[in-house]
$ cat upload.cif   # mmCIF, C-alpha atoms and all ligand atoms
data_entry
#
loop_
_atom_site.label_atom_id
_atom_site.label_comp_id
_atom_site.auth_asym_id
_atom_site.auth_seq_id
_atom_site.Cartn_x
_atom_site.Cartn_y
_atom_site.Cartn_z
CA MET Y 1 78.48 -33.17 82.18
CA ASN Y 2 77.83 -32.03 78.59
CA ILE Y 3 74.21 -31.25 77.66
CA LEU Y 4 72.98 -31.05 74.08
CA ILE Y 5 69.91 -28.85 73.62
CA THR Y 6 68.05 -29.50 70.37
CA GLY Y 7 65.77 -26.83 68.93
CA ALA Y 8 68.36 -24.40 70.30
CA SER Y 9 67.36 -21.71 67.80
CA GLY Y 10 63.70 -21.85 68.87
CA HIS Y 11 61.82 -19.95 71.56
CA LEU Y 12 61.86 -22.68 74.19
CA GLY Y 13 65.44 -23.74 73.42
CA THR Y 14 66.58 -20.12 73.77
CA ALA Y 15 64.86 -19.84 77.16
CA VAL Y 16 66.32 -23.13 78.41
CA ILE Y 17 69.84 -22.13 77.32
CA ALA Y 18 69.56 -18.65 78.87
CA HIS Y 19 68.81 -20.25 82.25
CA LEU Y 20 71.31 -23.11 81.86
CA LEU Y 21 74.02 -20.48 81.41
CA GLU Y 22 73.27 -19.32 84.97
CA LEU Y 23 73.61 -22.85 86.33
CA MET Y 24 76.42 -24.53 84.39
CA PRO Y 25 79.74 -23.70 82.75
CA THR Y 26 79.22 -22.47 79.18
CA GLU Y 27 81.59 -25.12 77.82
CA ASN Y 28 79.23 -27.88 79.02
CA ILE Y 29 76.26 -26.60 76.97
CA VAL Y 30 75.96 -27.47 73.29
CA GLY Y 31 73.18 -26.17 71.03
CA LEU Y 32 71.90 -28.21 68.09
CA VAL Y 33 70.78 -26.10 65.13
CA ARG Y 34 69.94 -27.08 61.57
CA ASN Y 35 70.75 -23.70 60.10
CA PRO Y 36 74.31 -22.44 60.73
CA GLN Y 37 73.21 -18.79 60.73
CA LYS Y 38 70.73 -19.45 63.53
CA GLY Y 39 73.62 -20.74 65.63
CA GLU Y 40 75.44 -17.42 65.49
CA PRO Y 41 73.65 -15.75 68.45
CA LEU Y 42 74.50 -18.79 70.57
CA GLN Y 43 78.14 -18.73 69.49
CA ALA Y 44 78.23 -15.05 70.39
CA GLN Y 45 77.38 -16.14 73.96
CA GLY Y 46 80.37 -18.51 73.89
CA LEU Y 47 78.37 -21.67 73.26
CA GLU Y 48 79.41 -24.51 71.00
CA THR Y 49 76.82 -25.25 68.33
CA ARG Y 50 76.55 -28.39 66.25
CA LEU Y 51 74.69 -28.81 63.01
CA GLY Y 52 71.96 -31.42 62.97
CA ASP Y 53 68.60 -32.10 61.40
CA TYR Y 54 66.09 -34.53 62.90
CA ASP Y 55 65.74 -36.02 59.40
CA ASP Y 56 69.49 -36.57 58.96
CA THR Y 57 70.68 -39.48 61.10
CA ASP Y 58 74.38 -38.97 60.24
CA SER Y 59 74.24 -35.38 61.44
CA LEU Y 60 72.59 -36.51 64.68
CA ALA Y 61 75.27 -39.18 65.24
CA ARG Y 62 77.97 -36.53 64.89
CA ALA Y 63 76.13 -34.12 67.17
CA MET Y 64 75.90 -36.68 70.01
CA GLN Y 65 79.66 -37.26 70.33
CA GLY Y 66 80.85 -36.59 73.89
CA ILE Y 67 77.34 -35.70 75.07
CA ASP Y 68 76.07 -36.97 78.46
CA LYS Y 69 72.50 -35.67 78.43
CA VAL Y 70 70.18 -34.61 75.61
CA LEU Y 71 67.15 -32.34 75.74
CA LEU Y 72 64.97 -33.19 72.75
CA ILE Y 73 62.71 -30.23 72.07
CA SER Y 74 59.86 -31.39 69.88
CA GLY Y 75 60.11 -30.24 66.26
CA GLY Y 76 57.48 -28.54 64.17
CA GLU Y 77 54.10 -29.81 63.09
CA THR Y 78 55.35 -32.08 60.29
CA GLU Y 79 53.68 -35.38 59.47
CA ASN Y 80 56.96 -37.28 60.10
CA ALA Y 81 57.60 -35.64 63.48
CA LEU Y 82 57.47 -38.97 65.30
CA GLN Y 83 60.13 -40.47 63.03
CA GLN Y 84 62.25 -37.35 63.53
CA HIS Y 85 62.05 -37.72 67.30
CA CYS Y 86 62.84 -41.45 67.08
CA ASN Y 87 65.95 -40.55 65.03
CA VAL Y 88 67.17 -38.32 67.87
CA VAL Y 89 66.50 -41.01 70.49
CA ASP Y 90 68.27 -43.68 68.40
CA ALA Y 91 71.29 -41.42 67.87
CA ALA Y 92 71.48 -40.68 71.61
CA GLN Y 93 71.31 -44.37 72.43
CA LYS Y 94 73.98 -45.31 69.88
CA ALA Y 95 76.28 -42.59 71.20
CA GLY Y 96 75.88 -43.92 74.75
CA VAL Y 97 74.42 -40.76 76.35
CA SER Y 98 73.36 -41.26 79.96
CA GLY Y 99 69.89 -39.80 79.64
CA ILE Y 100 67.40 -37.99 77.45
CA ALA Y 101 64.74 -35.42 78.28
CA TYR Y 102 61.77 -34.60 76.05
CA THR Y 103 59.37 -31.67 75.90
CA GLY Y 104 55.83 -32.89 75.22
CA ARG Y 105 52.40 -31.55 76.16
CA SER Y 106 50.18 -31.66 79.27
CA LEU Y 107 47.14 -33.00 77.43
CA LYS Y 108 44.67 -35.00 79.48
CA ASP Y 109 43.51 -37.85 77.31
CA PRO Y 110 45.72 -38.82 74.34
CA GLN Y 111 43.10 -41.31 73.07
CA ASN Y 112 40.53 -38.60 72.42
CA LEU Y 113 42.49 -35.71 70.97
CA ALA Y 114 40.83 -33.80 68.15
CA ASN Y 115 44.23 -32.41 67.10
CA ARG Y 116 45.72 -35.74 66.07
CA LEU Y 117 49.17 -34.19 65.54
CA MET Y 118 49.51 -34.01 69.32
CA ILE Y 119 49.52 -37.78 69.64
CA ARG Y 120 53.14 -37.81 68.49
CA HIS Y 121 54.15 -36.38 71.86
CA PHE Y 122 52.81 -39.43 73.67
CA GLN Y 123 54.23 -41.77 71.03
CA THR Y 124 57.65 -40.14 71.46
CA GLU Y 125 57.40 -40.54 75.23
CA ALA Y 126 56.57 -44.24 74.78
CA TYR Y 127 59.50 -44.67 72.37
CA ILE Y 128 61.87 -43.07 74.89
CA GLN Y 129 60.55 -45.23 77.72
CA ALA Y 130 61.00 -48.37 75.61
CA SER Y 131 64.53 -47.37 74.56
CA GLY Y 132 66.06 -48.29 77.91
CA LEU Y 133 67.63 -44.83 78.20
CA LYS Y 134 67.21 -42.96 81.46
CA TYR Y 135 64.75 -40.15 80.80
CA VAL Y 136 62.88 -37.10 82.04
CA LEU Y 137 59.58 -36.11 80.44
CA PHE Y 138 58.37 -32.53 80.52
CA ARG Y 139 54.66 -32.23 79.75
CA ASN Y 140 54.21 -28.54 79.04
CA ALA Y 141 51.00 -26.53 79.15
CA LEU Y 142 49.85 -24.45 76.21
CA TYR Y 143 52.10 -21.40 76.17
CA LEU Y 144 50.46 -18.26 77.55
CA ASP Y 145 52.59 -16.62 74.84
CA VAL Y 146 50.32 -18.04 72.09
CA ILE Y 147 47.20 -16.21 73.31
CA PRO Y 148 47.78 -13.12 71.09
CA GLY Y 149 48.02 -15.42 68.07
CA PHE Y 150 44.74 -17.14 68.94
CA VAL Y 151 42.75 -14.02 69.71
CA GLY Y 152 44.02 -11.97 66.77
CA LYS Y 153 45.45 -8.48 66.29
CA GLN Y 154 42.09 -6.72 66.56
CA VAL Y 155 41.15 -8.18 69.90
CA PHE Y 156 40.65 -4.75 71.49
CA GLU Y 157 38.31 -3.65 68.70
CA ARG Y 158 36.44 -6.88 67.99
CA GLY Y 159 36.74 -9.03 71.11
CA ILE Y 160 37.47 -12.77 71.10
CA GLN Y 161 35.45 -15.15 68.93
CA LEU Y 162 36.68 -18.74 69.08
CA PRO Y 163 35.16 -22.24 69.06
CA ALA Y 164 36.52 -23.05 72.51
CA GLY Y 165 33.27 -22.95 74.52
CA GLU Y 166 33.90 -22.57 78.24
CA GLY Y 167 37.00 -24.79 78.02
CA LYS Y 168 39.90 -23.86 80.26
CA VAL Y 169 43.67 -23.90 79.80
CA ALA Y 170 46.34 -23.92 82.50
CA PHE Y 171 48.47 -21.48 80.47
CA ALA Y 172 52.09 -20.95 81.53
CA LEU Y 173 54.76 -18.63 80.17
CA ARG Y 174 57.27 -20.33 77.88
CA SER Y 175 60.13 -18.51 79.61
CA GLU Y 176 59.15 -19.98 83.00
CA MET Y 177 58.84 -23.49 81.59
CA GLY Y 178 62.28 -22.98 80.01
CA LYS Y 179 63.68 -21.90 83.37
CA ALA Y 180 62.22 -24.93 85.13
CA ILE Y 181 63.50 -27.30 82.44
CA ALA Y 182 66.99 -25.82 82.80
CA ARG Y 183 66.88 -26.31 86.57
CA VAL Y 184 65.87 -29.95 86.30
CA LEU Y 185 68.52 -30.65 83.66
CA ALA Y 186 71.31 -28.94 85.56
CA GLN Y 187 70.44 -30.11 89.05
CA THR Y 188 69.18 -33.69 88.74
CA ASP Y 189 70.06 -36.89 86.92
CA CYS Y 190 67.56 -38.30 84.46
CA ASP Y 191 65.53 -40.33 86.95
CA ASN Y 192 62.61 -41.47 84.78
CA ARG Y 193 60.39 -38.75 86.20
CA THR Y 194 57.55 -36.93 84.44
CA TYR Y 195 57.02 -33.24 85.21
CA THR Y 196 53.73 -31.60 84.29
CA PHE Y 197 54.50 -27.92 83.85
CA THR Y 198 51.36 -25.80 83.98
CA GLY Y 199 50.11 -22.55 85.41
CA ASN Y 200 48.54 -22.60 88.88
CA GLU Y 201 45.00 -22.24 87.59
CA ALA Y 202 43.07 -23.03 84.43
CA CYS Y 203 41.42 -20.11 82.61
CA SER Y 204 38.87 -19.86 79.83
CA PHE Y 205 38.85 -17.39 76.93
CA LYS Y 206 36.14 -15.58 78.91
CA ASP Y 207 38.80 -15.10 81.61
CA VAL Y 208 41.27 -13.95 78.93
CA ALA Y 209 38.72 -11.39 77.69
CA ALA Y 210 38.05 -10.17 81.24
CA ALA Y 211 41.79 -9.83 81.94
CA LEU Y 212 42.32 -7.90 78.69
CA SER Y 213 39.37 -5.64 79.55
CA ARG Y 214 40.86 -4.80 82.93
CA LEU Y 215 44.36 -4.25 81.52
CA SER Y 216 43.27 -2.10 78.57
CA GLU Y 217 40.30 -0.41 80.28
CA ARG Y 218 38.33 -1.30 77.14
CA GLN Y 219 35.45 -3.74 76.86
CA VAL Y 220 36.74 -7.03 75.40
CA ALA Y 221 33.99 -9.64 75.09
CA TYR Y 222 34.32 -13.36 74.46
CA THR Y 223 31.79 -14.99 72.13
CA PRO Y 224 32.03 -18.76 71.74
CA LEU Y 225 31.63 -19.78 68.09
CA GLU Y 226 30.68 -23.04 66.39
CA SER Y 227 33.63 -24.66 64.57
CA ALA Y 228 31.79 -24.34 61.23
CA GLU Y 229 31.39 -20.57 61.65
CA TYR Y 230 35.05 -20.20 62.71
CA THR Y 231 36.13 -22.23 59.65
CA ILE Y 232 34.17 -19.91 57.32
CA ARG Y 233 35.76 -16.86 58.94
CA MET Y 234 39.30 -18.29 58.71
CA LYS Y 235 38.74 -19.27 55.05
CA SER Y 236 37.62 -15.74 54.27
CA LEU Y 237 40.92 -14.50 55.75
CA GLY Y 238 42.78 -16.80 53.33
CA LEU Y 239 44.20 -19.26 55.86
CA PRO Y 240 45.24 -22.61 54.37
CA GLU Y 241 42.84 -25.53 54.90
CA GLY Y 242 45.42 -27.57 56.85
CA LEU Y 243 46.09 -24.74 59.29
CA ILE Y 244 42.37 -24.13 59.84
CA GLN Y 245 41.87 -27.82 60.64
CA LYS Y 246 44.76 -27.71 63.08
CA LEU Y 247 43.38 -24.61 64.81
CA CYS Y 248 39.91 -26.16 65.02
CA GLY Y 249 41.45 -29.29 66.55
CA PHE Y 250 43.38 -27.22 69.10
CA LEU Y 251 40.29 -25.27 70.10
CA GLU Y 252 38.06 -28.36 70.22
CA ASP Y 253 40.59 -29.96 72.57
CA ILE Y 254 40.41 -26.86 74.78
CA GLN Y 255 36.61 -27.07 74.75
CA ASN Y 256 36.85 -30.76 75.68
CA SER Y 257 38.98 -29.99 78.77
CA GLN Y 258 42.18 -31.52 77.33
CA GLU Y 259 44.23 -28.49 78.43
CA ASP Y 260 42.91 -27.82 81.93
CA THR Y 261 45.21 -30.05 83.99
CA VAL Y 262 46.75 -28.02 86.82
CA SER Y 263 49.89 -29.32 88.49
CA SER Y 264 52.15 -27.83 91.16
CA ASP Y 265 55.32 -29.17 89.45
CA LEU Y 266 56.22 -25.87 87.80
CA ALA Y 267 55.79 -23.90 91.04
CA GLU Y 268 57.83 -26.48 92.95
CA VAL Y 269 60.75 -26.43 90.51
CA LEU Y 270 60.70 -22.63 90.16
CA GLY Y 271 60.30 -22.08 93.90
CA TYR Y 272 57.54 -19.53 93.29
CA THR Y 273 54.04 -19.35 91.83
CA PRO Y 274 54.18 -19.18 88.02
CA THR Y 275 53.03 -15.92 86.44
CA ALA Y 276 49.23 -15.86 86.36
CA LEU Y 277 47.12 -15.11 83.27
CA GLU Y 278 46.59 -11.39 83.79
CA ALA Y 279 50.22 -10.67 84.72
CA GLY Y 280 51.37 -12.72 81.75
CA LEU Y 281 49.08 -10.83 79.36
CA LYS Y 282 50.30 -7.55 80.81
CA GLN Y 283 53.84 -8.57 79.86
CA LEU Y 284 52.92 -9.87 76.41
CA TYR Y 285 50.86 -6.82 75.43
CA ALA Y 286 53.12 -4.37 77.28
CA LEU Y 287 50.00 -2.91 78.97
N1 LIG R 301 53.24 -25.90 74.73
C1 LIG R 301 52.83 -25.14 73.71
O1 LIG R 301 51.94 -24.28 73.81
C2 LIG R 301 53.45 -25.26 72.38
C3 LIG R 301 53.11 -24.31 71.42
C4 LIG R 301 53.74 -24.38 70.22
C5 LIG R 301 54.65 -25.39 69.98
N2 LIG R 301 54.92 -26.31 70.92
C6 LIG R 301 55.89 -27.42 70.70
O2 LIG R 301 57.06 -27.09 71.44
C7 LIG R 301 58.18 -27.01 70.55
C8 LIG R 301 59.11 -25.93 71.02
O3 LIG R 301 58.40 -24.71 71.07
P1 LIG R 301 59.07 -23.39 70.54
O4 LIG R 301 58.17 -22.30 70.91
O5 LIG R 301 60.49 -23.34 70.93
O6 LIG R 301 58.99 -23.63 68.95
P2 LIG R 301 59.91 -22.96 67.85
O7 LIG R 301 60.33 -21.60 68.26
O8 LIG R 301 59.19 -23.14 66.55
O9 LIG R 301 61.23 -23.88 67.85
C9 LIG R 301 61.25 -25.16 67.26
C10 LIG R 301 62.71 -25.57 67.17
O10 LIG R 301 62.80 -26.88 66.60
C11 LIG R 301 63.75 -26.83 65.55
N3 LIG R 301 63.46 -27.84 64.55
C12 LIG R 301 62.29 -28.02 63.89
N4 LIG R 301 62.41 -29.03 63.01
C13 LIG R 301 63.70 -29.47 63.11
C14 LIG R 301 64.44 -30.47 62.44
N5 LIG R 301 63.90 -31.22 61.46
N6 LIG R 301 65.73 -30.66 62.79
C15 LIG R 301 66.30 -29.90 63.76
N7 LIG R 301 65.65 -28.93 64.43
C16 LIG R 301 64.37 -28.71 64.09
C17 LIG R 301 63.62 -25.42 64.97
O11 LIG R 301 64.73 -25.09 64.16
P3 LIG R 301 64.66 -23.84 63.13
O12 LIG R 301 64.91 -22.61 63.99
O13 LIG R 301 65.74 -24.11 62.17
O14 LIG R 301 63.29 -23.83 62.53
C18 LIG R 301 63.52 -24.63 66.25
O15 LIG R 301 64.79 -24.44 66.83
C19 LIG R 301 57.55 -26.78 69.16
O16 LIG R 301 58.40 -27.25 68.15
C20 LIG R 301 56.24 -27.55 69.25
O17 LIG R 301 56.45 -28.93 69.00
C21 LIG R 301 54.36 -26.24 72.12
#

$ encode --input "upload.cif" --output "structure tokens" --more "lines below"
Ligand SMILES: NC(=O)c1ccc[n+]([C@@H]2O[C@H](COP(=O)([O-])OP(=O)(O)OC[C@H]3O[C@@H](n4cnc5c(N)ncnc54)[C@H](OP(=O)(O)O)[C@@H]3O)[C@@H](O)[C@H]2O)c1
Amino acid sequence: MNILITGASGHLGTAVIAHLLELMPTENIVGLVRNPQKGEPLQAQGLETRLGDYDDTDSLARAMQGIDKVLLISGGETENALQQHCNVVDAAQKAGVSGIAYTGRSLKDPQNLANRLMIRHFQTEAYIQASGLKYVLFRNALYLDVIPGFVGKQVFERGIQLPAGEGKVAFALRSEMGKAIARVLAQTDCDNRTYTFTGNEACSFKDVAAALSRLSERQVAYTPLESAEYTIRMKSLGLPEGLIQKLCGFLEDIQNSQEDTVSSDLAEVLGYTPTALEAGLKQLYAL
């Protein structure tokens, strides 16, 4: 069985491939990259890489030759992301692959998302389901790994100030979601199942602040902000308008409980309890 992993140069793709290598022969794993240089680390591990861009349907058709199963890792935050994903699904279907897996998000209510860019995940899932291909859907929690980016470099001096209210997130480490995705891909056929990969509990930024306080033995406070105040602060730091809007949407969705779904799927596939918030932060901050 040959598996094509798209987004193979990215963080999640790298984690999936690292674990697939423990479960399958190297010659059955193919990485899709759009930049030849980014394929070099994979080639150094003995992997075949193929060039392909989600915008370039000919490149996708070539990349699918001889492939049995595709993992479509969602692309960046571009406006045409849905079309890009549809291009990958169409190419897989035309090439006669037996099944496709997709990495989306574990958001609770797609109809009421403030961050409208997230809707493409659900639209991609619907497109895959309508394609007639066998599929597996991975709905991933917000990566625990993104917390340092949200709270900022001066978190230990200034604390956490975000417009996320008391909203909670079932954060999970990207590496553990990658491991679980690899296990499902290597050990099961695409059986039209949806996995919701989340941590075992949902935590607020108050919990993040408390965990960072304990780990650093410094007082880290969380102060919920209004979106308007956060926007002013981000503008003063020179962040582009589009990025600020995206961040506000993300944080509003957290406040509105979009990210607090807790599922046991990740623990069941891993065979152990996923790394909890404080242990994950300890790793990320090397504390
Ligand atoms: N659950 C979460 O918290 C969370 C957080 C952030 C993102 N995400 C989503 O999950 C995805 C994977 O996460 P990640 O951390 O692995 O992101 P990442 O490190 O940015 O990786 C994204 C991958 O997609 C590839 N890609 C982007 N546009 C492409 C295109 N047009 N054609 C071919 N490949 C393309 C990138 O290639 P290059 O290396 O050439 O850029 C890269 O390999 C993200 O893209 C995003 O949609 C989820």

$ axis_aligned_box --input "upload.cif" --around "ligand LIG 301 (chain R)" --padding-each-side "8 Å" --output "JSON"
{"center_x": 59.1, "center_y": -26.4, "center_z": 68.1, "size_x": 30.4, "size_y": 25.6, "size_z": 29.3}

$ closest_residue --input "upload.cif" --among "Y:Lys206, Y:Arg116, Y:Arg214, Y:Arg50" --to "Glu252 in chain Y" --atoms "only C-alpha atoms"
Y:Arg116

$ residues_near_ligand --input "upload.cif" --ligand "ligand LIG 301 (chain R)" --cutoff "6 Å" --atoms "only C-alpha atoms and all ligand atoms" --output "number ranges by chain"
Y: 7-13, 33-35, 52-55, 73-76, 105, 140-143

$ atom_distance --input "upload.cif" --atom1 "CA of Asp68 in chain Y" --atom2 "CA of Met1 in chain Y"
5.8 Å

$ closest_residue --input "upload.cif" --among "Y:Glu79, Y:Ser236, Y:Gln93, Y:Glu48" --to "Met64 in chain Y" --atoms "only C-alpha atoms"
Y:Gln93

$ closest_residue --input "upload.cif" --among "Y:Glu166, Y:Ala63, Y:Asp109, Y:Ile181" --to "Leu23 in chain Y" --atoms "all atoms listed in the file"
Y:Ile181

$ closest_residue --input "upload.cif" --among "Y:Ile67, Y:Leu82, Y:Leu144, Y:Leu277" --to "Ala126 in chain Y" --atoms "all atoms listed in the file"
Y:Leu82

$ residues_around --input "upload.cif" --residues "range 40-42 of chain Y" --least-positions-apart "2" --cutoff "10 Å" --atoms "only C-alpha atoms" --output "PDB file with C-alpha atoms, in the coordinates of the input"
ATOM      1  CA  ALA Y   8      68.360 -24.400  70.300  1.00  0.00           C
ATOM      2  CA  SER Y   9      67.360 -21.710  67.800  1.00  0.00           C
ATOM      3  CA  THR Y  14      66.580 -20.120  73.770  1.00  0.00           C
ATOM      4  CA  ILE Y  17      69.840 -22.130  77.320  1.00  0.00           C
ATOM      5  CA  ALA Y  18      69.560 -18.650  78.870  1.00  0.00           C
ATOM      6  CA  VAL Y  30      75.960 -27.470  73.290  1.00  0.00           C
ATOM      7  CA  GLY Y  31      73.180 -26.170  71.030  1.00  0.00           C
ATOM      8  CA  VAL Y  33      70.780 -26.100  65.130  1.00  0.00           C
ATOM      9  CA  ASN Y  35      70.750 -23.700  60.100  1.00  0.00           C
ATOM     10  CA  PRO Y  36      74.310 -22.440  60.730  1.00  0.00           C
ATOM     11  CA  GLN Y  37      73.210 -18.790  60.730  1.00  0.00           C
ATOM     12  CA  LYS Y  38      70.730 -19.450  63.530  1.00  0.00           C
ATOM     13  CA  ALA Y  44      78.230 -15.050  70.390  1.00  0.00           C
ATOM     14  CA  GLN Y  45      77.380 -16.140  73.960  1.00  0.00           C
ATOM     15  CA  GLY Y  46      80.370 -18.510  73.890  1.00  0.00           C
ATOM     16  CA  LEU Y  47      78.370 -21.670  73.260  1.00  0.00           C
ATOM     17  CA  GLU Y  48      79.410 -24.510  71.000  1.00  0.00           C
ATOM     18  CA  THR Y  49      76.820 -25.250  68.330  1.00  0.00           C
TER      19      THR Y  49
END

$ residues_around --input "upload.cif" --residues "range 256-270 of chain Y" --least-positions-apart "6" --cutoff "8 Å" --atoms "all atoms listed in the file" --output "list of chain:residue names"
Y:Ser106, Y:Leu107, Y:Lys108, Y:Asp109, Y:Leu113, Y:Ala141, Y:Leu142, Y:Gly167, Y:Lys168, Y:Val169, Y:Ala170, Y:Glu176, Y:Met177, Y:Lys179, Y:Ala180, Y:Arg183, Y:Val184, Y:Tyr195, Y:Thr196, Y:Phe197, Y:Thr198, Y:Gly199, Y:Asn200, Y:Glu201, Y:Ala202, Y:Cys203

$ atom_distance --input "upload.cif" --atom1 "CA of Gln283 in chain Y" --atom2 "CA of Gly104 in chain Y"
24.8 Å

$ atom_distance --input "upload.cif" --atom1 "CA of Lys134 in chain Y" --atom2 "CA of Asn115 in chain Y"
29.1 Å

$ closest_residue --input "upload.cif" --among "Y:Ala172, Y:Leu185, Y:Ala91, Y:Leu117" --to "Ile3 in chain Y" --atoms "all atoms listed in the file"
Y:Leu185

$ residues_around --input "upload.cif" --residues "Leu284 in chain Y" --least-positions-apart "3" --cutoff "9 Å" --atoms "only C-alpha atoms" --output "NGL selection string"
:Y and (144-145 or 148 or 279-281 or 287)

$ residues_near_point --input "upload.cif" --point "(78.3, -27.2, 82.6)" --cutoff "8 Å" --atoms "all atoms listed in the file" --output "PyMOL selection string"
chain Y and resi 1-3+23-29+186

$ residues_near_point --input "upload.cif" --point "(31.8, -2.3, 78.3)" --cutoff "12 Å" --atoms "all atoms listed in the file" --output "PDB file with C-alpha atoms, keeping the file's coordinate frame"
ATOM      1  CA  PHE Y 156      40.650  -4.750  71.490  1.00  0.00           C
ATOM      2  CA  GLU Y 157      38.310  -3.650  68.700  1.00  0.00           C
ATOM      3  CA  GLY Y 159      36.740  -9.030  71.110  1.00  0.00           C
ATOM      4  CA  ALA Y 209      38.720 -11.390  77.690  1.00  0.00           C
ATOM      5  CA  ALA Y 210      38.050 -10.170  81.240  1.00  0.00           C
ATOM      6  CA  LEU Y 212      42.320  -7.900  78.690  1.00  0.00           C
ATOM      7  CA  SER Y 213      39.370  -5.640  79.550  1.00  0.00           C
ATOM      8  CA  ARG Y 214      40.860  -4.800  82.930  1.00  0.00           C
ATOM      9  CA  SER Y 216      43.270  -2.100  78.570  1.00  0.00           C
ATOM     10  CA  GLU Y 217      40.300  -0.410  80.280  1.00  0.00           C
ATOM     11  CA  ARG Y 218      38.330  -1.300  77.140  1.00  0.00           C
ATOM     12  CA  GLN Y 219      35.450  -3.740  76.860  1.00  0.00           C
ATOM     13  CA  VAL Y 220      36.740  -7.030  75.400  1.00  0.00           C
ATOM     14  CA  ALA Y 221      33.990  -9.640  75.090  1.00  0.00           C
ATOM     15  CA  TYR Y 222      34.320 -13.360  74.460  1.00  0.00           C
TER      16      TYR Y 222
END

$ residues_around --input "upload.cif" --residues "Pro224 in chain Y" --least-positions-apart "3" --cutoff "6 Å" --atoms "all atoms listed in the file" --output "count of residues only"
4
